[in-house]
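Inspection log for the structure reproduced underneath, given as structure tokens.
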Amino acid sequence: MTTKYIFFTGGVVSSVGKGVTAAAVGRLLKERGFKVAVQKLDPYINVDPGTMSPYQHGEVFVLDDGAETDLDLGHYERFIDISLNRVCNVTTGQVYAEVIGKERRGDYLGGTIQVIPHITNEIKRRIGLVAKATGAEIVLVEIGGTVGDIESLPFLEALRQMRSDVGRENSLYIHVTWLPHIGATDELKTKPTQHSVRELRSIGISPDVIVARSDQPIADELREKIALFCDVERRAVVPMVTSPVLYEVPLVIERSGLGEYLMDRLGLQARRQPDWTAWEKLVAEVRRPKPVVNVALVGKYVELHDAYMSVREALKHAALSLGLEVEISWVHSAELEKGRNWDLVQQADGVLVPGGFGSRGIEGKILAIHYARENKVPYLGLCLGMQLMVVDFARFALDTEDANSTEFDRSTKNPVIDLMPDQRAIADMGGTMRLGLYPCHLQPGTRAAAAYAEEVVQERHRHRFEFNNAYRGSLGEAGMLFSGLSPDGRLVEIAELRDHPFMVGTQFHPEFLSRPNRPHPLFVAFLDAVRQRGYLAQKPDKLQTAEISVG
């Protein structure tokens with residue numbers, strides 16, 4: 001079939017939920033038997049978010065092929081249960097770098113390089129790559145930011161041209177807006193949406209669908225008003241009231257009739273009847289009151305929860321599979337160094353240290369790891385969390401406070417974590433780490449092997465430093481097991497402690513492969529260890545209605 005394109009734009013305010021909406025629409029189409037891919041167009045000039053602070057952009061989501069991408073690609077993969085690749089995230093930086101590179105090589109034969117047509121043509125070329133690279137029949141394209149942003153104008157112009165390029169019957173525009181609530185009059189206002197649509201139409205794009213986001217119920221007369229003033233069909237105005245359950249969004253959109261509208265508008269025939277049984281069961285399980293366990297997430301960027309988006313969701317996926325609700329205590333590691341917030345760690349049923357870069361707060365993370373080791377509290381370390389687990393254990397096993405990673409102390413006499421040999425001569429920081437999917441061989445009889453119940457697994461990486469094999473013998477004799485190794489046995493992928501209920505660290509990022517209906521086995525094993533610790537029996541009053549917060 002001819003490739004169909006659905007374009008998502010945002011209006012009124014940023015963070016209105018375009019990413020979740022695009023992911024939910026993708027799920028609707030997959031349920032009808034179509035192969036779907038999603039692309040995010042980011043207007044910032046960075047080549048990718050890999051060198052950006054998590055405070056600036058939230059989590060960096062890594063794909064199988066090693067692309068460092070926007071966190072919305074995590075939503076796409078989790079909702080639709082697909083694996084995307086590097087063509088699915090495009091930035092202004094990538095587009096301009098490509099065009100300028102061609103100009104320097106003389107590819108434009110001396111012509112003047114302009115936004116139109118050269119930049120817009122490059123954007124359209126990259127949109128076209130998605131179907132070729134993924135085999136998708138329907139490509140969903142989300143533009144970051146809000147209509148009216150100067151940075152997004154070339155992308156919007158490219159999307160305007162796409163309708164002429166591929167035909168109206170093969171393209172559709174969805175505009176996601178916000179309906180503000182005026183407390184004094186208890187009213188939802190549509191005027192900002194009208195202005196947003198007017199701005200979009202002035203650029204040459206008339207939306208076919210308007211998704212109206214609100215914290216309040218949206219009356220039918222408001223839908224009719226939006227349809228009238230924004231020139232869309234009434235059935236194409238989709239009310240989207242904020243839900244405490246993130247994974248309810250596809251069900252809400254399905255009930256609105258948008259799936260059938262998309263079939264009619266794009267001239268498609270559903271290949272199968274959508275079956276939402278498993279998804280409805282998932283949402284019902286989220287809402288069901290369940291025993292609550294608390295995990296202390298000890299990180300450096302905890303003020304912005306989006307910096308740990310995939311970790312948070314992976315914990316919730318695993319908890320649901322065990323009939324639990326996980327409550328996350330967000331603990332800033334730098335505060336632990338000052339003797340603050342230790343009650344959050346001591347009251348927790350388990351401790352998790354995620355990835356990160358830089359020396360700030362590192363000793364606070366090590367203190368939390370030391371507490372978990374000494375007090376037999378279940379622990380899961382991800383990337384940096386594994387490396388610091390090794391540092392803490394080495395300080396104990398080698399009876400020295402000098403053990404460290406050369407990332408934080410280049411002069412340490414015991415560099416138990418060190419720079420990978422092939423990283424030593426690298427000057428550029430962007431896109432040069434060990435990135436993407438790599439195999440890991442599990443060692444029989446270990447907790448990791450029991451969790452996976454497989455001999456070989458594939459996991460996504462994002463790191464520059466590795467376990468120093470010079471210490472494999474001494475730390476192994478002291479009680480550290482190297483339960484996951486690279487195929488050649490050279491790289492330690494998973495480390496765990498022999499004499500501990502559950503203390504496991506992974507060099508990779510398992511959170512990137514967790515799905516709502518297919519939780520990651522290491523997260524399941526971690527939370528199961530928390531349950532086996534007997535904490536629930538000690539605190540039977542810890543029962544509440546579970547919720548998954550909207551991301």
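Within each chain, counting starts at residue 1; across the structure tokens, chains are named A, B, ... in the order shown, with ligands numbered 1 upward in that order.
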
Neighbouring residues of Glu459 in chain A were defined as those with any atom within 8 Å, considering only C-alpha atoms; residues of the same chain fewer than 4 positions away were excluded. Please report them as a VMD selection string. chain A and resid 436 to 440 508 to 510 513

Notebook entry, point to check: Could you pull out all residues of range 181-234 of chain A with a DSSP call of helix (DSSP H, G or I) and give them as a list in words?
Noted result: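 The residues of range 181-234 of chain A classed as helix (DSSP H, G or I) are Lys191, Pro192, Thr193, Gln194, His195, Ser196, Val197, Arg198, Glu199, Leu200, Arg201, Ser202, Ile203, Asp220, Glu221, Leu222, Arg223, Glu224, Lys225, Ile226, Ala227, Leu228, Phe229, Cys230 and Arg234 of chain A.
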
Let's have the selection written as a compact mmCIF listing (two decimals), in the first residue's frame, with N, CA, C and O atoms.
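Final file, selection_35.txt:
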# COMPACT_ATOMS: atom_id res chain seq x y z
N LYS A 191 -10.95 29.77 23.16
CA LYS A 191 -10.32 30.83 22.36
C LYS A 191 -8.83 30.58 22.09
O LYS A 191 -8.37 30.79 20.96
N PRO A 192 -8.03 30.12 23.10
CA PRO A 192 -6.62 29.83 22.79
C PRO A 192 -6.48 28.78 21.69
O PRO A 192 -5.57 28.87 20.85
N THR A 193 -7.37 27.79 21.69
CA THR A 193 -7.32 26.78 20.63
C THR A 193 -7.65 27.39 19.28
O THR A 193 -6.98 27.10 18.26
N GLN A 194 -8.63 28.28 19.24
CA GLN A 194 -8.99 28.95 17.99
C GLN A 194 -7.80 29.76 17.45
O GLN A 194 -7.51 29.72 16.25
N HIS A 195 -7.14 30.49 18.34
CA HIS A 195 -5.98 31.29 17.91
C HIS A 195 -4.84 30.39 17.42
O HIS A 195 -4.13 30.72 16.46
N SER A 196 -4.66 29.26 18.10
CA SER A 196 -3.60 28.34 17.71
C SER A 196 -3.86 27.77 16.32
O SER A 196 -2.95 27.68 15.49
N VAL A 197 -5.11 27.40 16.06
CA VAL A 197 -5.47 26.87 14.75
C VAL A 197 -5.32 27.94 13.68
O VAL A 197 -4.87 27.68 12.56
N ARG A 198 -5.70 29.19 14.03
CA ARG A 198 -5.56 30.29 13.07
C ARG A 198 -4.07 30.48 12.71
O ARG A 198 -3.73 30.71 11.56
N GLU A 199 -3.20 30.37 13.72
CA GLU A 199 -1.76 30.49 13.47
C GLU A 199 -1.28 29.38 12.55
O GLU A 199 -0.49 29.61 11.62
N LEU A 200 -1.76 28.18 12.79
CA LEU A 200 -1.37 27.04 11.97
C LEU A 200 -1.86 27.21 10.53
O LEU A 200 -1.14 26.93 9.57
N ARG A 201 -3.09 27.69 10.38
CA ARG A 201 -3.66 27.88 9.04
C ARG A 201 -2.95 29.01 8.30
O ARG A 201 -2.85 28.98 7.06
N SER A 202 -2.43 29.98 9.03
CA SER A 202 -1.69 31.06 8.37
C SER A 202 -0.40 30.55 7.76
O SER A 202 0.15 31.16 6.83
N ILE A 203 0.09 29.44 8.28
CA ILE A 203 1.30 28.80 7.74
C ILE A 203 0.95 27.95 6.54
O ILE A 203 1.82 27.59 5.74
N ASP A 220 -20.25 18.40 25.22
CA ASP A 220 -20.48 18.24 23.78
C ASP A 220 -20.58 19.59 23.07
O ASP A 220 -20.13 19.73 21.93
N GLU A 221 -21.17 20.59 23.75
CA GLU A 221 -21.30 21.88 23.09
C GLU A 221 -19.95 22.54 22.85
O GLU A 221 -19.77 23.29 21.88
N LEU A 222 -18.95 22.24 23.70
CA LEU A 222 -17.62 22.76 23.45
C LEU A 222 -16.98 22.08 22.24
O LEU A 222 -16.28 22.72 21.45
N ARG A 223 -17.21 20.80 22.08
CA ARG A 223 -16.72 20.10 20.89
C ARG A 223 -17.32 20.72 19.63
O ARG A 223 -16.63 20.93 18.63
N GLU A 224 -18.63 21.00 19.69
CA GLU A 224 -19.30 21.60 18.53
C GLU A 224 -18.74 22.99 18.24
O GLU A 224 -18.57 23.38 17.07
N LYS A 225 -18.45 23.73 19.30
CA LYS A 225 -17.90 25.08 19.11
C LYS A 225 -16.52 25.01 18.48
O LYS A 225 -16.20 25.79 17.55
N ILE A 226 -15.67 24.09 18.95
CA ILE A 226 -14.33 23.94 18.37
C ILE A 226 -14.44 23.52 16.91
O ILE A 226 -13.73 24.05 16.04
N ALA A 227 -15.33 22.59 16.62
CA ALA A 227 -15.52 22.14 15.23
C ALA A 227 -15.95 23.29 14.33
O ALA A 227 -15.44 23.46 13.22
N LEU A 228 -16.86 24.12 14.83
CA LEU A 228 -17.38 25.23 14.04
C LEU A 228 -16.32 26.28 13.77
O LEU A 228 -16.10 26.70 12.63
N PHE A 229 -15.64 26.72 14.82
CA PHE A 229 -14.69 27.83 14.67
C PHE A 229 -13.34 27.40 14.11
O PHE A 229 -12.58 28.24 13.64
N CYS A 230 -13.04 26.11 14.17
CA CYS A 230 -11.74 25.63 13.66
C CYS A 230 -11.88 24.86 12.36
O CYS A 230 -10.89 24.31 11.84
N ARG A 234 -17.14 17.54 13.45
CA ARG A 234 -17.38 17.39 14.88
C ARG A 234 -16.78 16.10 15.41
O ARG A 234 -16.21 16.07 16.51

| field | Spatial neighbours of Ala368 in chain A, 9 Å, only C-alpha atoms, chain gap at least 4 places, as a VMD selection string | value | chain A and resid 298 333 336 342 345 351 353 363 to 364 372 to 373

Selected residues written out, all heavy atoms, as a JSON list (two decimals), in the first residue's frame:
[["chain", "number", "residue", "atom", "x", "y", "z"],
["A", 298, "VAL", "N", 17.90, 6.94, 44.05],
["A", 298, "VAL", "CA", 18.94, 7.88, 44.46],
["A", 298, "VAL", "C", 19.65, 8.39, 43.21],
["A", 298, "VAL", "O", 20.42, 7.66, 42.57],
["A", 298, "VAL", "CB", 19.95, 7.22, 45.42],
["A", 298, "VAL", "CG1", 20.98, 8.24, 45.89],
["A", 298, "VAL", "CG2", 19.21, 6.60, 46.61],
["A", 333, "SER", "N", 21.20, 12.59, 45.62],
["A", 333, "SER", "CA", 22.42, 12.01, 46.21],
["A", 333, "SER", "C", 23.29, 13.07, 46.88],
["A", 333, "SER", "O", 23.98, 12.78, 47.87],
["A", 333, "SER", "CB", 23.22, 11.27, 45.14],
["A", 333, "SER", "OG", 23.55, 12.12, 44.05],
["A", 336, "LEU", "N", 22.35, 13.47, 50.47],
["A", 336, "LEU", "CA", 22.84, 12.42, 51.35],
["A", 336, "LEU", "C", 24.25, 12.74, 51.84],
["A", 336, "LEU", "O", 24.61, 12.43, 52.98],
["A", 336, "LEU", "CB", 22.83, 11.07, 50.63],
["A", 336, "LEU", "CG", 21.45, 10.53, 50.20],
["A", 336, "LEU", "CD1", 21.61, 9.16, 49.55],
["A", 336, "LEU", "CD2", 20.50, 10.44, 51.38],
["A", 342, "TRP", "N", 18.18, 11.02, 54.76],
["A", 342, "TRP", "CA", 18.49, 9.62, 54.99],
["A", 342, "TRP", "C", 17.26, 8.83, 55.42],
["A", 342, "TRP", "O", 17.20, 7.61, 55.23],
["A", 342, "TRP", "CB", 19.60, 9.49, 56.04],
["A", 342, "TRP", "CG", 20.95, 9.54, 55.40],
["A", 342, "TRP", "CD1", 21.81, 10.57, 55.36],
["A", 342, "TRP", "CD2", 21.56, 8.48, 54.64],
["A", 342, "TRP", "NE1", 22.93, 10.25, 54.63],
["A", 342, "TRP", "CE2", 22.81, 8.97, 54.18],
["A", 342, "TRP", "CE3", 21.18, 7.18, 54.30],
["A", 342, "TRP", "CZ2", 23.67, 8.20, 53.41],
["A", 342, "TRP", "CZ3", 22.05, 6.41, 53.52],
["A", 342, "TRP", "CH2", 23.27, 6.92, 53.09],
["A", 345, "VAL", "N", 15.86, 6.90, 52.54],
["A", 345, "VAL", "CA", 16.59, 5.68, 52.20],
["A", 345, "VAL", "C", 16.31, 4.59, 53.23],
["A", 345, "VAL", "O", 16.05, 3.43, 52.89],
["A", 345, "VAL", "CB", 18.11, 5.96, 52.12],
["A", 345, "VAL", "CG1", 18.88, 4.67, 51.84],
["A", 345, "VAL", "CG2", 18.39, 6.99, 51.03],
["A", 351, "VAL", "N", 16.52, -0.11, 47.11],
["A", 351, "VAL", "CA", 17.29, 1.06, 46.67],
["A", 351, "VAL", "C", 17.67, 0.86, 45.20],
["A", 351, "VAL", "O", 18.12, -0.23, 44.82],
["A", 351, "VAL", "CB", 18.56, 1.25, 47.52],
["A", 351, "VAL", "CG1", 19.42, 2.39, 46.96],
["A", 351, "VAL", "CG2", 18.19, 1.53, 48.98],
["A", 353, "VAL", "N", 19.89, 2.86, 42.08],
["A", 353, "VAL", "CA", 20.75, 3.96, 41.63],
["A", 353, "VAL", "C", 20.83, 3.90, 40.10],
["A", 353, "VAL", "O", 21.34, 2.92, 39.54],
["A", 353, "VAL", "CB", 22.16, 3.89, 42.25],
["A", 353, "VAL", "CG1", 23.07, 4.96, 41.64],
["A", 353, "VAL", "CG2", 22.08, 4.07, 43.76],
["A", 363, "GLU", "N", 29.52, 10.58, 45.79],
["A", 363, "GLU", "CA", 29.74, 9.95, 47.10],
["A", 363, "GLU", "C", 28.41, 9.70, 47.81],
["A", 363, "GLU", "O", 28.29, 8.76, 48.60],
["A", 363, "GLU", "CB", 30.67, 10.81, 47.96],
["A", 363, "GLU", "CG", 32.11, 10.83, 47.48],
["A", 363, "GLU", "CD", 32.75, 9.46, 47.45],
["A", 363, "GLU", "OE1", 32.47, 8.65, 48.36],
["A", 363, "GLU", "OE2", 33.55, 9.18, 46.52],
["A", 364, "GLY", "N", 27.42, 10.52, 47.55],
["A", 364, "GLY", "CA", 26.10, 10.28, 48.12],
["A", 364, "GLY", "C", 25.49, 8.99, 47.59],
["A", 364, "GLY", "O", 24.87, 8.23, 48.34],
["A", 372, "ALA", "N", 22.69, -0.14, 51.51],
["A", 372, "ALA", "CA", 21.95, -1.30, 50.99],
["A", 372, "ALA", "C", 22.76, -2.59, 51.16],
["A", 372, "ALA", "O", 22.20, -3.64, 51.49],
["A", 372, "ALA", "CB", 21.60, -1.08, 49.52],
["A", 373, "ARG", "N", 24.06, -2.51, 50.95],
["A", 373, "ARG", "CA", 24.90, -3.71, 51.08],
["A", 373, "ARG", "C", 24.99, -4.15, 52.55],
["A", 373, "ARG", "O", 24.80, -5.32, 52.86],
["A", 373, "ARG", "CB", 26.30, -3.42, 50.53],
["A", 373, "ARG", "CG", 27.28, -4.59, 50.70],
["A", 373, "ARG", "CD", 28.58, -4.34, 49.96],
["A", 373, "ARG", "NE", 29.28, -3.16, 50.42],
["A", 373, "ARG", "CZ", 30.05, -3.12, 51.52],
["A", 373, "ARG", "NH1", 30.19, -4.19, 52.28],
["A", 373, "ARG", "NH2", 30.66, -2.00, 51.86]]

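Minimum atom-to-atom distances from A:Lys35, A:Arg168, A:Arg213, A:His305 to Gly10 in chain A were compared using only C-alpha atoms, and the lowest value belongs to A:Arg213.
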
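Shortest separation to Arg27 in chain A among A:Val331, A:Val245, A:Ala212, A:Tyr76 occurs at residue A:Tyr76, atoms counted being only C-alpha atoms.
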
Q.
Which residues are close to range 122-138 of chain A, i.e. within 9 Å by only C-alpha atoms, leaving aside same-chain residues fewer than 3 positions away? Reply as an NGL selection string.
A. :A and (1-6 or 26 or 29 or 34-39 or 41 or 84-85 or 87-88 or 90 or 92 or 95-96 or 98-99 or 117-119 or 141 or 154-155 or 158-159 or 161-162)

Selection from above, N, CA, C and O atoms, as a tab-separated table (two decimals), in the first residue's frame, can you write it?
chain	number	residue	atom	x	y	z
A	1	MET	N	0.83	-1.19	0.00
A	1	MET	CA	0.00	0.00	0.00
A	1	MET	C	0.87	1.26	0.00
A	1	MET	O	2.03	1.22	0.41
A	2	THR	N	0.31	2.36	-0.49
A	2	THR	CA	1.01	3.63	-0.47
A	2	THR	C	1.18	4.09	0.97
A	2	THR	O	0.26	3.98	1.78
A	3	THR	N	2.36	4.59	1.30
A	3	THR	CA	2.62	5.03	2.67
A	3	THR	C	1.71	6.19	3.03
A	3	THR	O	1.55	7.14	2.27
A	4	LYS	N	1.10	6.09	4.21
A	4	LYS	CA	0.26	7.15	4.74
A	4	LYS	C	1.04	7.91	5.82
A	4	LYS	O	1.84	7.32	6.55
A	5	TYR	N	0.77	9.21	5.92
A	5	TYR	CA	1.48	10.06	6.89
A	5	TYR	C	0.47	10.79	7.77
A	5	TYR	O	-0.50	11.37	7.28
A	6	ILE	N	0.73	10.75	9.08
A	6	ILE	CA	-0.07	11.51	10.05
A	6	ILE	C	0.88	12.44	10.79
A	6	ILE	O	1.86	11.99	11.39
A	26	GLY	N	-0.67	5.55	17.37
A	26	GLY	CA	0.08	4.44	16.78
A	26	GLY	C	-0.43	3.10	17.26
A	26	GLY	O	-0.52	2.14	16.49
A	29	LEU	N	-3.65	2.16	15.45
A	29	LEU	CA	-3.41	1.67	14.09
A	29	LEU	C	-2.81	0.26	14.11
A	29	LEU	O	-3.15	-0.58	13.26
A	34	PHE	N	-1.98	-2.65	11.07
A	34	PHE	CA	-1.04	-1.91	10.23
A	34	PHE	C	0.34	-1.84	10.88
A	34	PHE	O	0.46	-1.80	12.10
A	35	LYS	N	1.36	-1.82	10.04
A	35	LYS	CA	2.72	-1.65	10.54
A	35	LYS	C	3.00	-0.15	10.65
A	35	LYS	O	2.89	0.59	9.67
A	36	VAL	N	3.39	0.27	11.85
A	36	VAL	CA	3.49	1.70	12.17
A	36	VAL	C	4.91	2.04	12.61
A	36	VAL	O	5.59	1.24	13.24
A	37	ALA	N	5.34	3.26	12.29
A	37	ALA	CA	6.57	3.83	12.84
A	37	ALA	C	6.28	5.28	13.20
A	37	ALA	O	5.37	5.90	12.64
A	38	VAL	N	7.05	5.81	14.15
A	38	VAL	CA	6.85	7.19	14.60
A	38	VAL	C	8.17	7.94	14.54
A	38	VAL	O	9.22	7.40	14.89
A	39	GLN	N	8.09	9.19	14.10
A	39	GLN	CA	9.28	10.03	14.00
A	39	GLN	C	9.07	11.32	14.78
A	39	GLN	O	7.98	11.89	14.75
A	41	LEU	N	10.41	15.19	15.21
A	41	LEU	CA	11.19	16.29	14.64
A	41	LEU	C	11.43	17.31	15.74
A	41	LEU	O	10.48	17.94	16.22
A	84	LEU	N	12.37	1.26	17.26
A	84	LEU	CA	12.62	2.29	16.26
A	84	LEU	C	14.12	2.39	15.97
A	84	LEU	O	14.93	1.73	16.63
A	85	ASN	N	14.49	3.22	15.00
A	85	ASN	CA	15.91	3.41	14.69
A	85	ASN	C	16.23	4.88	14.50
A	85	ASN	O	15.34	5.73	14.64
A	87	VAL	N	16.63	7.02	12.21
A	87	VAL	CA	15.91	7.93	11.31
A	87	VAL	C	14.64	8.47	11.96
A	87	VAL	O	14.01	9.39	11.43
A	88	CYS	N	14.29	7.94	13.11
A	88	CYS	CA	13.03	8.32	13.77
A	88	CYS	C	13.18	9.52	14.69
A	88	CYS	O	12.22	9.90	15.37
A	90	VAL	N	14.84	13.42	14.31
A	90	VAL	CA	15.52	14.39	13.46
A	90	VAL	C	15.57	15.72	14.20
A	90	VAL	O	14.58	16.14	14.80
A	92	THR	N	17.08	19.99	14.12
A	92	THR	CA	17.56	21.08	13.26
A	92	THR	C	19.06	20.95	13.03
A	92	THR	O	19.57	21.19	11.93
A	95	VAL	N	19.80	18.45	10.32
A	95	VAL	CA	19.39	18.94	9.00
A	95	VAL	C	20.39	19.95	8.46
A	95	VAL	O	20.86	19.85	7.32
A	96	TYR	N	20.76	20.93	9.28
A	96	TYR	CA	21.68	21.96	8.82
A	96	TYR	C	23.08	21.39	8.60
A	96	TYR	O	23.79	21.81	7.67
A	98	GLU	N	23.81	18.44	7.53
A	98	GLU	CA	23.77	17.74	6.25
A	98	GLU	C	23.80	18.71	5.08
A	98	GLU	O	24.56	18.53	4.11
A	99	VAL	N	23.00	19.77	5.15
A	99	VAL	CA	22.93	20.73	4.05
A	99	VAL	C	24.25	21.49	3.91
A	99	VAL	O	24.76	21.68	2.80
A	117	PRO	N	14.33	26.06	-0.97
A	117	PRO	CA	13.88	24.68	-0.78
A	117	PRO	C	14.87	23.75	-0.07
A	117	PRO	O	14.53	22.61	0.21
A	118	HIS	N	16.10	24.21	0.20
A	118	HIS	CA	17.14	23.26	0.59
A	118	HIS	C	16.90	22.64	1.97
A	118	HIS	O	16.99	21.41	2.13
A	119	ILE	N	16.60	23.48	2.96
A	119	ILE	CA	16.36	22.94	4.30
A	119	ILE	C	15.08	22.11	4.32
A	119	ILE	O	15.04	21.00	4.86
A	141	VAL	N	4.38	11.46	12.46
A	141	VAL	CA	5.45	12.44	12.59
A	141	VAL	C	5.02	13.52	13.58
A	141	VAL	O	4.01	14.20	13.36
A	154	PRO	N	10.63	25.99	9.74
A	154	PRO	CA	11.03	25.18	8.58
A	154	PRO	C	10.37	23.79	8.59
A	154	PRO	O	10.03	23.27	7.52
A	155	PHE	N	10.19	23.21	9.76
A	155	PHE	CA	9.54	21.90	9.84
A	155	PHE	C	8.07	22.00	9.43
A	155	PHE	O	7.56	21.13	8.72
A	158	ALA	N	7.83	22.29	5.76
A	158	ALA	CA	8.06	20.99	5.12
A	158	ALA	C	6.80	20.13	5.21
A	158	ALA	O	6.43	19.44	4.24
A	159	LEU	N	6.13	20.16	6.35
A	159	LEU	CA	4.89	19.39	6.50
A	159	LEU	C	3.79	19.92	5.58
A	159	LEU	O	2.99	19.15	5.05
A	161	GLN	N	4.28	21.22	2.67
A	161	GLN	CA	4.61	20.74	1.33
A	161	GLN	C	4.31	19.25	1.17
A	161	GLN	O	4.04	18.79	0.06
A	162	MET	N	4.38	18.51	2.27
A	162	MET	CA	4.16	17.06	2.18
A	162	MET	C	2.78	16.71	1.64
A	162	MET	O	2.62	15.71	0.94

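Going from CA of Ser411 in chain A to CA of Phe357 in chain A covers 18.4 Å.
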
Contact table range 74-156 of chain A vs range 171-177 of chain A, cut-off 12 Å, shortest pair per residue, only C-alpha atoms, as a Markdown table:
| residue | atom | partner | partner_atom | distance |
| --- | --- | --- | --- | --- |
| A:Ile138 | CA | A:Ser171 | CA | 9.7 |
| A:Val139 | CA | A:Ser171 | CA | 9.7 |
| A:Leu140 | CA | A:Leu172 | CA | 9.6 |
| A:Val141 | CA | A:Tyr173 | CA | 9.5 |
| A:Glu142 | CA | A:Ile174 | CA | 9.4 |
| A:Ile143 | CA | A:His175 | CA | 10.4 |
| A:Gly144 | CA | A:Val176 | CA | 11.5 |
| A:Gly145 | CA | A:Val176 | CA | 11.2 |
| A:Thr146 | CA | A:Thr177 | CA | 9.3 |
| A:Val147 | CA | A:His175 | CA | 9.5 |
| A:Leu156 | CA | A:Tyr173 | CA | 11.0 |

Dump C-alpha atoms for the selected residues as a PDB file, in the first residue's frame?
ATOM      1  CA  ILE A 138       1.757   4.418   8.248  1.00  0.00           C
ATOM      2  CA  VAL A 139       4.318   6.959   9.479  1.00  0.00           C
ATOM      3  CA  LEU A 140       3.406   9.230  12.374  1.00  0.00           C
ATOM      4  CA  VAL A 141       5.454  12.440  12.595  1.00  0.00           C
ATOM      5  CA  GLU A 142       5.480  14.677  15.677  1.00  0.00           C
ATOM      6  CA  ILE A 143       6.942  18.202  15.662  1.00  0.00           C
ATOM      7  CA  GLY A 144       8.397  19.320  18.975  1.00  0.00           C
ATOM      8  CA  GLY A 145       7.419  22.651  20.471  1.00  0.00           C
ATOM      9  CA  THR A 146       4.358  24.782  19.823  1.00  0.00           C
ATOM     10  CA  VAL A 147       2.926  26.463  16.741  1.00  0.00           C
ATOM     11  CA  LEU A 156       5.982  23.202   9.530  1.00  0.00           C
TER      12      LEU A 156
END
